[in-house]
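Trainee: Data: input33.cif, mmCIF, C-alpha atoms.
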data_coords
#
loop_
_atom_site.label_atom_id
_atom_site.label_comp_id
_atom_site.auth_asym_id
_atom_site.auth_seq_id
_atom_site.Cartn_x
_atom_site.Cartn_y
_atom_site.Cartn_z
CA MET V 1 32.73 -37.54 0.37
CA ARG V 2 29.12 -38.14 1.41
CA GLN V 3 29.92 -36.99 4.95
CA TYR V 4 31.45 -33.75 3.67
CA PHE V 5 28.38 -33.16 1.49
CA LEU V 6 26.02 -33.68 4.44
CA LEU V 7 28.17 -31.39 6.58
CA LEU V 8 28.01 -28.70 3.89
CA LEU V 9 24.23 -29.02 3.74
CA CYS V 10 24.01 -28.66 7.51
CA VAL V 11 26.18 -25.53 7.43
CA LEU V 12 24.08 -23.98 4.64
CA PHE V 13 20.89 -24.84 6.51
CA CYS V 14 22.20 -23.20 9.68
CA ILE V 15 23.32 -20.08 7.80
CA THR V 16 19.95 -19.81 6.04
CA GLY V 17 18.08 -20.29 9.31
CA CYS V 18 20.18 -17.67 11.11
CA THR V 19 19.72 -15.19 8.26
CA GLN V 20 15.97 -15.75 8.31
CA GLN V 21 15.81 -15.20 12.07
CA MET V 22 17.87 -12.02 11.79
CA MET V 23 15.60 -10.64 9.06
CA GLN V 24 12.47 -11.48 11.01
CA ALA V 25 13.88 -9.87 14.16
CA GLN V 26 14.78 -6.74 12.19
CA VAL V 27 11.19 -6.43 10.97
CA ARG V 28 9.77 -7.17 14.42
CA ASP V 29 11.96 -4.53 16.08
CA SER V 30 11.46 -1.87 13.41
CA ARG V 31 9.32 1.18 14.16
CA ILE V 32 9.21 2.43 10.57
CA VAL V 33 6.16 2.30 8.29
CA VAL V 34 6.42 3.13 4.59
CA LEU V 35 3.32 4.48 2.84
CA ASP V 36 3.41 4.36 -0.96
CA ILE V 37 1.09 6.74 -2.84
CA GLY V 38 -0.38 4.54 -5.54
CA HIS V 39 0.53 5.07 -9.19
CA TYR V 40 2.02 8.44 -10.17
CA TYR V 41 1.27 11.92 -11.51
CA HIS V 42 1.69 12.57 -15.23
CA PRO V 43 2.72 16.15 -16.09
CA VAL V 44 -0.01 16.43 -18.77
CA ARG V 45 -2.66 13.84 -17.93
CA GLY V 46 -2.59 14.24 -14.15
CA GLY V 47 -3.00 11.37 -11.72
CA GLN V 48 -2.66 7.92 -13.30
CA GLY V 49 -4.87 5.73 -11.12
CA ALA V 50 -8.46 4.68 -10.63
CA ARG V 51 -10.97 7.48 -11.01
CA THR V 52 -14.65 8.31 -10.92
CA PRO V 53 -16.38 7.76 -14.31
CA ASP V 54 -17.55 11.39 -14.44
CA ASN V 55 -18.29 14.31 -12.13
CA ARG V 56 -21.88 13.35 -11.29
CA TYR V 57 -21.15 12.04 -7.78
CA GLY V 58 -17.79 13.68 -7.22
CA LYS V 59 -14.52 13.87 -9.13
CA ILE V 60 -11.76 11.78 -7.51
CA GLU V 61 -8.54 10.23 -8.84
CA GLU V 62 -6.68 7.92 -6.47
CA CYS V 63 -3.12 9.25 -6.86
CA GLU V 64 -4.26 12.85 -6.35
CA PHE V 65 -6.47 11.74 -3.45
CA TRP V 66 -3.56 10.15 -1.62
CA TYR V 67 -1.28 13.14 -2.20
CA ARG V 68 -3.90 15.17 -0.36
CA TYR V 69 -4.64 12.71 2.45
CA ALA V 70 -1.71 10.31 3.01
CA GLY V 71 -0.30 12.81 5.49
CA TYR V 72 -3.29 12.22 7.74
CA THR V 73 -2.52 8.50 7.74
CA ALA V 74 1.12 9.26 8.53
CA ARG V 75 0.28 11.53 11.45
CA ILE V 76 -1.82 8.86 13.15
CA ILE V 77 1.17 6.52 12.92
CA GLU V 78 3.64 9.13 14.14
CA GLN V 79 1.43 10.22 17.04
CA ALA V 80 1.57 6.62 18.25
CA GLY V 81 5.36 6.83 18.48
CA TYR V 82 6.33 5.24 15.15
CA GLN V 83 8.17 6.72 12.18
CA CYS V 84 6.45 7.10 8.81
CA ARG V 85 7.97 7.57 5.37
CA LEU V 86 5.92 8.57 2.32
CA CYS V 87 6.96 7.74 -1.22
CA CYS V 88 5.66 7.66 -4.79
CA ARG V 89 7.23 5.98 -7.80
CA GLY V 90 6.81 9.05 -10.00
CA SER V 91 8.17 12.60 -9.91
CA LEU V 92 6.96 15.67 -8.05
CA PRO V 93 3.52 16.62 -9.47
CA THR V 94 3.38 19.56 -11.83
CA ASP V 95 0.12 20.65 -10.19
CA LYS V 96 1.20 23.43 -7.81
CA ASP V 97 -1.21 22.51 -5.02
CA LEU V 98 -0.26 18.82 -5.06
CA ALA V 99 3.44 19.70 -5.30
CA ALA V 100 3.16 21.96 -2.26
CA ILE V 101 1.45 19.18 -0.30
CA ALA V 102 4.10 16.65 -1.38
CA ILE V 103 6.89 18.97 -0.22
CA ARG V 104 5.13 19.72 3.06
CA GLU V 105 4.58 16.01 3.79
CA GLY V 106 8.11 15.06 2.79
CA VAL V 107 7.09 12.63 0.03
CA HIS V 108 10.12 10.86 -1.42
CA HIS V 109 9.76 10.67 -5.22
CA VAL V 110 11.55 7.66 -6.67
CA ASN V 111 11.56 9.32 -10.13
CA THR V 112 11.07 6.02 -11.93
CA PRO V 113 12.43 6.54 -15.49
CA GLU V 114 9.39 4.88 -17.10
CA PRO V 115 6.61 4.62 -14.50
CA ASN V 116 4.68 1.97 -16.46
CA ALA V 117 7.71 -0.22 -17.18
CA ILE V 118 8.47 -3.46 -15.37
CA TYR V 119 11.42 -3.35 -12.97
CA ARG V 120 13.20 -5.90 -10.81
CA ASN V 121 13.28 -5.76 -7.07
CA ARG V 122 16.82 -4.96 -5.97
CA GLN V 123 16.71 -7.13 -2.85
CA HIS V 124 15.01 -10.08 -4.56
CA PRO V 125 15.81 -9.94 -8.32
CA HIS V 126 13.39 -12.73 -9.27
CA ARG V 127 10.51 -10.40 -8.30
CA MET V 128 9.36 -8.10 -11.10
CA ALA V 129 6.49 -5.62 -11.41
CA VAL V 130 5.37 -2.23 -12.63
CA GLY V 131 5.99 0.17 -9.75
CA MET V 132 8.63 -2.07 -8.16
CA LEU V 133 11.06 0.80 -7.59
CA SER V 134 8.85 2.08 -4.78
CA THR V 135 9.24 -1.32 -3.14
CA ASN V 136 13.02 -1.08 -3.54
CA TYR V 137 12.91 2.22 -1.65
CA ALA V 138 10.53 0.82 0.97
CA LEU V 139 12.67 -2.22 1.77
CA ASP V 140 15.77 -0.02 1.99
CA GLN V 141 14.10 1.65 5.00
CA LYS V 142 14.08 -1.68 6.91
CA PRO V 143 10.39 -1.22 7.74
CA ALA V 144 7.96 -2.91 10.09
CA ALA V 145 5.29 -2.65 7.37
CA VAL V 146 4.70 -1.35 3.85
CA VAL V 147 1.28 0.00 2.87
CA TYR V 148 0.36 0.73 -0.75
CA LEU V 149 -2.38 3.37 -0.69
CA HIS V 150 -4.93 2.77 -3.43
CA HIS V 151 -8.62 2.84 -4.34
CA ASN V 152 -10.41 0.43 -6.62
CA SER V 153 -12.67 0.93 -9.64
CA MET V 154 -14.61 -1.96 -11.12
CA THR V 155 -16.01 -0.33 -14.25
CA ALA V 156 -15.83 2.81 -16.38
CA ARG V 157 -19.48 3.40 -15.46
CA TRP V 158 -21.17 4.07 -12.14
CA LYS V 159 -22.11 0.89 -10.31
CA VAL V 160 -22.79 0.06 -6.67
CA TYR V 161 -20.07 -2.44 -5.80
CA ASN V 162 -19.26 -3.18 -2.16
CA LYS V 163 -16.71 -6.00 -1.97
CA GLY V 164 -13.81 -3.82 -0.94
CA ALA V 165 -10.75 -5.58 0.46
CA ILE V 166 -7.26 -5.21 1.81
CA TYR V 167 -4.83 -7.29 -0.27
CA CYS V 168 -1.86 -8.71 1.61
CA ASN V 169 1.17 -10.93 1.45
CA LYS V 170 1.54 -13.93 3.76
CA ALA V 171 3.45 -11.90 6.34
CA GLY V 172 0.77 -9.18 6.25
CA GLY V 173 -2.32 -11.17 7.14
CA GLU V 174 -2.68 -9.72 10.64
CA LEU V 175 -1.95 -6.21 9.39
CA ALA V 176 -4.64 -6.57 6.72
CA LEU V 177 -7.17 -7.90 9.25
CA SER V 178 -6.46 -4.98 11.57
CA VAL V 179 -6.95 -2.34 8.87
CA ALA V 180 -10.03 -4.10 7.47
CA GLN V 181 -11.59 -4.23 10.94
CA VAL V 182 -11.20 -0.49 11.48
CA ILE V 183 -12.62 0.24 8.02
CA THR V 184 -15.63 -1.99 8.72
CA ASP V 185 -16.22 -0.55 12.20
CA THR V 186 -15.66 3.15 11.58
CA ILE V 187 -16.09 3.85 7.85
CA TYR V 188 -18.53 1.41 6.25
CA ASP V 189 -22.27 1.78 6.85
CA LYS V 190 -22.60 3.16 10.39
CA GLY V 191 -19.47 5.20 9.73
CA GLY V 192 -21.20 6.92 6.83
CA MET V 193 -19.93 5.13 3.71
CA PRO V 194 -22.86 2.98 2.49
CA ASN V 195 -21.72 -0.62 2.02
CA HIS V 196 -24.97 -2.56 2.48
CA GLY V 197 -23.70 -4.62 5.39
CA VAL V 198 -20.70 -6.04 3.50
CA ILE V 199 -17.55 -6.05 5.64
CA CYS V 200 -14.12 -5.13 4.35
CA GLY V 201 -12.47 -8.31 3.10
CA VAL V 202 -8.90 -9.57 3.33
CA ILE V 203 -7.38 -11.25 0.29
CA LEU V 204 -4.01 -13.01 0.19
CA ARG V 205 -2.28 -12.05 -3.04
CA ASN V 206 0.76 -14.07 -4.02
CA ASP V 207 0.07 -14.69 -7.71
CA GLY V 208 3.18 -12.79 -8.78
CA ARG V 209 1.33 -10.76 -11.40
CA LYS V 210 3.67 -8.19 -12.90
CA GLY V 211 0.99 -5.55 -12.42
CA GLY V 212 1.50 -5.54 -8.66
CA GLY V 213 1.42 -8.98 -7.06
CA ASP V 214 5.20 -9.09 -6.84
CA TRP V 215 5.28 -5.89 -4.76
CA LEU V 216 3.80 -7.98 -2.00
CA ASN V 217 5.95 -11.01 -2.78
CA ALA V 218 9.17 -8.99 -2.64
CA CYS V 219 8.18 -7.67 0.78
CA ASN V 220 7.27 -11.18 1.87
CA ASP V 221 10.71 -12.42 0.83
CA SER V 222 12.06 -9.97 3.42
CA TYR V 223 9.41 -11.07 5.96
CA VAL V 224 7.87 -7.58 5.82
CA PRO V 225 4.07 -7.33 6.23
CA ALA V 226 2.65 -5.51 3.22
CA ILE V 227 -0.87 -4.57 2.13
CA ILE V 228 -2.65 -2.80 -0.71
CA THR V 229 -5.71 -0.78 0.35
CA GLU V 230 -8.57 -1.44 -2.07
CA ALA V 231 -11.42 -0.87 0.39
CA SER V 232 -13.32 1.76 -1.58
CA PHE V 233 -14.59 1.90 -5.15
CA LEU V 234 -14.40 5.16 -7.06
CA SER V 235 -16.93 3.74 -9.54
CA ASN V 236 -19.42 3.26 -6.69
CA PRO V 237 -21.50 6.47 -6.45
CA GLU V 238 -22.12 5.91 -2.73
CA HIS V 239 -18.40 5.61 -2.00
CA ALA V 240 -17.54 8.55 -4.26
CA ARG V 241 -20.09 10.82 -2.57
CA PHE V 242 -18.62 9.90 0.83
CA LEU V 243 -14.96 10.38 -0.13
CA GLY V 244 -15.75 13.58 -2.01
CA LYS V 245 -16.24 15.40 1.31
CA LYS V 246 -12.95 16.48 2.85
CA GLU V 247 -13.91 15.56 6.40
CA ASN V 248 -14.83 12.04 5.28
CA ALA V 249 -11.64 11.65 3.25
CA ILE V 250 -9.62 12.59 6.32
CA ARG V 251 -11.53 10.07 8.44
CA TYR V 252 -10.88 7.38 5.85
CA ALA V 253 -7.15 8.12 5.71
CA GLU V 254 -6.95 8.20 9.50
CA ALA V 255 -8.85 4.91 9.79
CA ILE V 256 -6.10 3.21 7.79
CA GLY V 257 -3.56 4.76 10.14
CA HIS V 258 -5.43 3.47 13.19
CA GLY V 259 -5.55 -0.01 11.71
CA ILE V 260 -1.79 0.06 11.15
CA VAL V 261 -1.12 1.30 14.69
CA ASN V 262 -3.41 -1.34 16.21
CA TYR V 263 -1.38 -4.01 14.42
CA LEU V 264 1.99 -2.56 15.44
CA ASN V 265 0.97 -2.22 19.07
CA ALA V 266 -0.21 -5.84 19.17
CA ARG V 267 2.97 -7.38 17.72
#
Take the structure I supplied and represent it as structure tokens, if you would.
Mentor:
Amino acid sequence: MRQYFLLLLCVLFCITGCTQQMMQAQVRDSRIVVLDIGHYYHPVRGGQGARTPDNRYGKIEECEFWYRYAGYTARIIEQAGYQCRLCCRGSLPTDKDLAAIAIREGVHHVNTPEPNAIYRNRQHPHRMAVGMLSTNYALDQKPAAVVYLHHNSMTARWKVYNKGAIYCNKAGGELALSVAQVITDTIYDKGGMPNHGVICGVILRNDGRKGGGDWLNACNDSYVPAIITEASFLSNPEHARFLGKKENAIRYAEAIGHGIVNYLNAR
């Protein structure tokens, strides 16, 4: 009986190991990147993400920002020979300009029934989070990487805060470092966004918080590198002034694309 039990364990170990290798190879060979536009658009209240405290230094809301500029990130990726898929957990914006952009850029709207509710990941049911249905869509694409496009906001009042970072899962450490490096080199300080010499950080996030940590964990369970871009603060007047200019916003979006491409090319 003990011999049969040990044999069964060996078989299960081999199956698990083979499955893991197949999943890792699938990620390594993939040429697809999924970009998720953070949060969602409410038909009455507009974008439901971080925002500038008032209009003094520019009026920006992160969901609306990424509807306007995620396409620039996608084009950098596609010009390098990769495929890019855009998604958002909400529905098509009711704002006509944003809706037109979403249609033009081919944004897939997951149409989450209750965008602020907690959902399970389909591939890994023990993972739960608000916004998880975007991750379900992303992992269905069998991607090489998943990038959640966000901004940060530390307070409801203006404050110079410069510790921006790229959050990542364990599999996404190199991807996060690549994007953070491009942000530091081409956007912060000498690139025009004042950051007082502070580089863009990289933070491993595997706490499983239902507010978002399990997005990254679900991707990690599939060995998919995943990051959340939190490199700029909409409550920082210096960052808001920079991102409030269209040409700068495009440069910022493209910098993230370059960081992603640098990582993919180096795999």
Trainee: Out of V:Thr184, V:Asn236, V:Asn136, V:Ser178, which residue has the shortest atom-to-atom distance to Leu216 (chain V) when counting all atoms listed in the file?
Mentor: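 Ranked by minimum distance to Leu216 (chain V), first place goes to V:Asn136.
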Trainee: For the file shown, report as a VMD selection string the outcome of the PyMOL selection byres ((chain V and resi 212) around 10) at residue level.
Mentor: chain V and resid 118 128 to 132 205 to 211 213 to 217 228
Trainee: Once you count all atoms listed in the file, what closest atom pair and distance in Å to one decimal does each residue of region 143-236 of chain V within 7 Å of region 20-36 of chain V have, with rows by chain and rising residue number, as a tab-separated table?
Mentor:
residue	atom	partner	partner_atom	distance
V:Pro143	CA	V:Ile32	CA	4.8
V:Ala144	CA	V:Val27	CA	4.9
V:Ala145	CA	V:Val33	CA	5.1
V:Val146	CA	V:Val34	CA	4.9
V:Val147	CA	V:Leu35	CA	4.9
V:Tyr148	CA	V:Asp36	CA	4.7
V:Leu149	CA	V:Asp36	CA	5.9
V:Ser222	CA	V:Met23	CA	6.7
V:Tyr223	CA	V:Gln24	CA	5.9
V:Val224	CA	V:Val27	CA	6.2
Trainee: Could you list, as a VMD selection string, every residue matched by the PyMOL selection byres ((chain V and resi 86) around 12) in this structure?
Mentor: chain V and resid 32 to 38 66 to 67 69 to 75 77 83 to 85 87 to 89 101 to 110 134 to 135 137 to 138 141 146 to 149
Trainee: Tell me which of V:Glu114, V:Glu61, V:Glu247, V:Asp140 sits closest to Gly46 (chain V), counting only C-alpha atoms.
Mentor: V:Glu61
Trainee: For this file, the PyMOL selection byres ((chain V and resi 231) around 9) selects which residues, as a PDB file with C-alpha atoms, keeping the file's coordinate frame?
Mentor:
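Result file is part-v8.pdb:
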ATOM      1  CA  HIS V 150      -4.930   2.770  -3.430  1.00  0.00           C
ATOM      2  CA  HIS V 151      -8.620   2.840  -4.340  1.00  0.00           C
ATOM      3  CA  ASN V 152     -10.410   0.430  -6.620  1.00  0.00           C
ATOM      4  CA  ASN V 162     -19.260  -3.180  -2.160  1.00  0.00           C
ATOM      5  CA  LYS V 163     -16.710  -6.000  -1.970  1.00  0.00           C
ATOM      6  CA  GLY V 164     -13.810  -3.820  -0.940  1.00  0.00           C
ATOM      7  CA  ALA V 165     -10.750  -5.580   0.460  1.00  0.00           C
ATOM      8  CA  ILE V 166      -7.260  -5.210   1.810  1.00  0.00           C
ATOM      9  CA  ALA V 180     -10.030  -4.100   7.470  1.00  0.00           C
ATOM     10  CA  ILE V 183     -12.620   0.240   8.020  1.00  0.00           C
ATOM     11  CA  CYS V 200     -14.120  -5.130   4.350  1.00  0.00           C
ATOM     12  CA  GLY V 201     -12.470  -8.310   3.100  1.00  0.00           C
ATOM     13  CA  THR V 229      -5.710  -0.780   0.350  1.00  0.00           C
ATOM     14  CA  GLU V 230      -8.570  -1.440  -2.070  1.00  0.00           C
ATOM     15  CA  SER V 232     -13.320   1.760  -1.580  1.00  0.00           C
ATOM     16  CA  PHE V 233     -14.590   1.900  -5.150  1.00  0.00           C
TER      17      PHE V 233
END
Trainee: Please determine an axis-aligned box that encloses all atoms of region 50-64 of chain V listed in the file, with 6 Å added on each side, and express its centre and edge lengths in Å to one decimal as JSON.
Mentor:
{"center_x": -12.5, "center_y": 9.5, "center_z": -10.4, "size_x": 30.8, "size_y": 21.6, "size_z": 20.1}
Trainee: To one decimal place in Å, what is the distance between CA of Leu139 (chain V) and CA of Ile256 (chain V)?
Mentor: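 Atom-to-atom, CA of Leu139 (chain V) to CA of Ile256 (chain V), that is 20.4 Å.
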Trainee: Any idea what's packed within 9 Å of Gly244 (chain V), counting all atoms listed in the file, ignoring anything in its chain fewer than 2 positions away? Could you give it as a PyMOL selection string?
Mentor: chain V and resi 57-60+239-242+246-249
Trainee: Can you tell me, as a list of chain:residue names, what residues are no more than 8 Å from Met193 (chain V) when counting only C-alpha atoms, ignoring any on the same chain fewer than 3 positions away?
Mentor: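 The neighbour list is V:Ile187, V:Tyr188, V:Asp189, V:Lys190, V:Glu238, V:His239, V:Phe242.
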Trainee: Using CA of Gly172 (chain V) and CA of His39 (chain V) as the two end points, give the distance in Å to one decimal.
Mentor: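 These atoms are spaced 21.0 Å apart.
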Trainee: When you count only C-alpha atoms, which of these residues is closest to Asn169 (chain V): V:Leu92, V:Val202, V:Met154, V:Ala255?
Mentor: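 Using only C-alpha atoms, the shortest distance to Asn169 (chain V) belongs to V:Val202.
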Trainee: Could you check the closest approach to Ala171 (chain V) for each of V:Leu133, V:Ala218, V:Pro225, V:Lys159 and tell me which residue wins, using only C-alpha atoms?
Mentor: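 Ranked by minimum distance to Ala171 (chain V), first place goes to V:Pro225.
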Trainee: Kindly complete region 189-200 of chain V to all heavy atoms; the output should be written as a PDB file, in the frame of the given file.
Mentor:
ATOM      1  N   ASP V 189     -20.906   1.752   6.311  1.00  0.00           N
ATOM      2  CA  ASP V 189     -22.270   1.780   6.850  1.00  0.00           C
ATOM      3  C   ASP V 189     -22.438   2.739   8.013  1.00  0.00           C
ATOM      4  O   ASP V 189     -22.639   3.920   7.798  1.00  0.00           O
ATOM      5  CB  ASP V 189     -22.724   0.356   7.193  1.00  0.00           C
ATOM      6  CG  ASP V 189     -22.914  -0.479   5.926  1.00  0.00           C
ATOM      7  OD1 ASP V 189     -23.329   0.090   4.894  1.00  0.00           O
ATOM      8  OD2 ASP V 189     -22.608  -1.677   5.940  1.00  0.00           O
ATOM      9  N   LYS V 190     -22.337   2.265   9.253  1.00  0.00           N
ATOM     10  CA  LYS V 190     -22.600   3.160  10.390  1.00  0.00           C
ATOM     11  C   LYS V 190     -21.583   4.289  10.468  1.00  0.00           C
ATOM     12  O   LYS V 190     -21.824   5.305  11.117  1.00  0.00           O
ATOM     13  CB  LYS V 190     -22.611   2.377  11.702  1.00  0.00           C
ATOM     14  CG  LYS V 190     -21.305   1.727  12.086  1.00  0.00           C
ATOM     15  CD  LYS V 190     -21.453   0.927  13.381  1.00  0.00           C
ATOM     16  CE  LYS V 190     -20.137   0.255  13.791  1.00  0.00           C
ATOM     17  NZ  LYS V 190     -20.295  -0.563  15.024  1.00  0.00           N
ATOM     18  N   GLY V 191     -20.450   4.124   9.788  1.00  0.00           N
ATOM     19  CA  GLY V 191     -19.470   5.200   9.730  1.00  0.00           C
ATOM     20  C   GLY V 191     -19.764   6.224   8.649  1.00  0.00           C
ATOM     21  O   GLY V 191     -19.078   7.242   8.554  1.00  0.00           O
ATOM     22  N   GLY V 192     -20.769   5.941   7.811  1.00  0.00           N
ATOM     23  CA  GLY V 192     -21.200   6.920   6.830  1.00  0.00           C
ATOM     24  C   GLY V 192     -20.990   6.560   5.376  1.00  0.00           C
ATOM     25  O   GLY V 192     -21.582   7.170   4.489  1.00  0.00           O
ATOM     26  N   MET V 193     -20.132   5.564   5.088  1.00  0.00           N
ATOM     27  CA  MET V 193     -19.930   5.130   3.710  1.00  0.00           C
ATOM     28  C   MET V 193     -20.828   3.929   3.449  1.00  0.00           C
ATOM     29  O   MET V 193     -20.551   2.823   3.925  1.00  0.00           O
ATOM     30  CB  MET V 193     -18.465   4.734   3.440  1.00  0.00           C
ATOM     31  CG  MET V 193     -18.233   4.236   2.009  1.00  0.00           C
ATOM     32  SD  MET V 193     -16.576   3.526   1.738  1.00  0.00           S
ATOM     33  CE  MET V 193     -15.601   5.015   1.556  1.00  0.00           C
ATOM     34  N   PRO V 194     -21.928   4.096   2.705  1.00  0.00           N
ATOM     35  CA  PRO V 194     -22.860   2.980   2.490  1.00  0.00           C
ATOM     36  C   PRO V 194     -22.163   1.765   1.883  1.00  0.00           C
ATOM     37  O   PRO V 194     -21.498   1.874   0.860  1.00  0.00           O
ATOM     38  CB  PRO V 194     -23.893   3.566   1.529  1.00  0.00           C
ATOM     39  CG  PRO V 194     -23.819   5.044   1.743  1.00  0.00           C
ATOM     40  CD  PRO V 194     -22.373   5.318   2.018  1.00  0.00           C
ATOM     41  N   ASN V 195     -22.337   0.604   2.538  1.00  0.00           N
ATOM     42  CA  ASN V 195     -21.720  -0.620   2.020  1.00  0.00           C
ATOM     43  C   ASN V 195     -22.644  -1.820   2.154  1.00  0.00           C
ATOM     44  O   ASN V 195     -22.218  -2.955   1.995  1.00  0.00           O
ATOM     45  CB  ASN V 195     -20.382  -0.890   2.727  1.00  0.00           C
ATOM     46  CG  ASN V 195     -19.387  -1.568   1.821  1.00  0.00           C
ATOM     47  OD1 ASN V 195     -19.069  -1.044   0.756  1.00  0.00           O
ATOM     48  ND2 ASN V 195     -18.882  -2.725   2.213  1.00  0.00           N
ATOM     49  N   HIS V 196     -23.904  -1.559   2.483  1.00  0.00           N
ATOM     50  CA  HIS V 196     -24.970  -2.560   2.480  1.00  0.00           C
ATOM     51  C   HIS V 196     -24.634  -3.793   3.324  1.00  0.00           C
ATOM     52  O   HIS V 196     -24.935  -4.922   2.961  1.00  0.00           O
ATOM     53  CB  HIS V 196     -25.311  -2.959   1.040  1.00  0.00           C
ATOM     54  CG  HIS V 196     -25.748  -1.792   0.199  1.00  0.00           C
ATOM     55  ND1 HIS V 196     -27.061  -1.414   0.040  1.00  0.00           N
ATOM     56  CD2 HIS V 196     -25.013  -0.885  -0.511  1.00  0.00           C
ATOM     57  CE1 HIS V 196     -27.136  -0.340  -0.730  1.00  0.00           C
ATOM     58  NE2 HIS V 196     -25.905  -0.002  -1.069  1.00  0.00           N
ATOM     59  N   GLY V 197     -23.980  -3.545   4.460  1.00  0.00           N
ATOM     60  CA  GLY V 197     -23.700  -4.620   5.390  1.00  0.00           C
ATOM     61  C   GLY V 197     -22.527  -5.509   5.032  1.00  0.00           C
ATOM     62  O   GLY V 197     -22.228  -6.468   5.759  1.00  0.00           O
ATOM     63  N   VAL V 198     -21.844  -5.217   3.924  1.00  0.00           N
ATOM     64  CA  VAL V 198     -20.700  -6.040   3.500  1.00  0.00           C
ATOM     65  C   VAL V 198     -19.448  -5.547   4.220  1.00  0.00           C
ATOM     66  O   VAL V 198     -19.122  -4.363   4.161  1.00  0.00           O
ATOM     67  CB  VAL V 198     -20.493  -5.973   1.979  1.00  0.00           C
ATOM     68  CG1 VAL V 198     -19.308  -6.844   1.574  1.00  0.00           C
ATOM     69  CG2 VAL V 198     -21.757  -6.404   1.255  1.00  0.00           C
ATOM     70  N   ILE V 199     -18.752  -6.444   4.916  1.00  0.00           N
ATOM     71  CA  ILE V 199     -17.550  -6.050   5.640  1.00  0.00           C
ATOM     72  C   ILE V 199     -16.365  -5.910   4.678  1.00  0.00           C
ATOM     73  O   ILE V 199     -16.411  -6.401   3.553  1.00  0.00           O
ATOM     74  CB  ILE V 199     -17.199  -7.066   6.747  1.00  0.00           C
ATOM     75  CG1 ILE V 199     -16.802  -8.424   6.139  1.00  0.00           C
ATOM     76  CG2 ILE V 199     -18.362  -7.225   7.713  1.00  0.00           C
ATOM     77  CD1 ILE V 199     -16.254  -9.409   7.159  1.00  0.00           C
ATOM     78  N   CYS V 200     -15.333  -5.245   5.148  1.00  0.00           N
ATOM     79  CA  CYS V 200     -14.120  -5.130   4.350  1.00  0.00           C
ATOM     80  C   CYS V 200     -13.390  -6.467   4.364  1.00  0.00           C
ATOM     81  O   CYS V 200     -13.095  -7.016   5.430  1.00  0.00           O
ATOM     82  CB  CYS V 200     -13.214  -4.038   4.930  1.00  0.00           C
ATOM     83  SG  CYS V 200     -11.725  -3.721   3.954  1.00  0.00           S
TER      84      CYS V 200
END
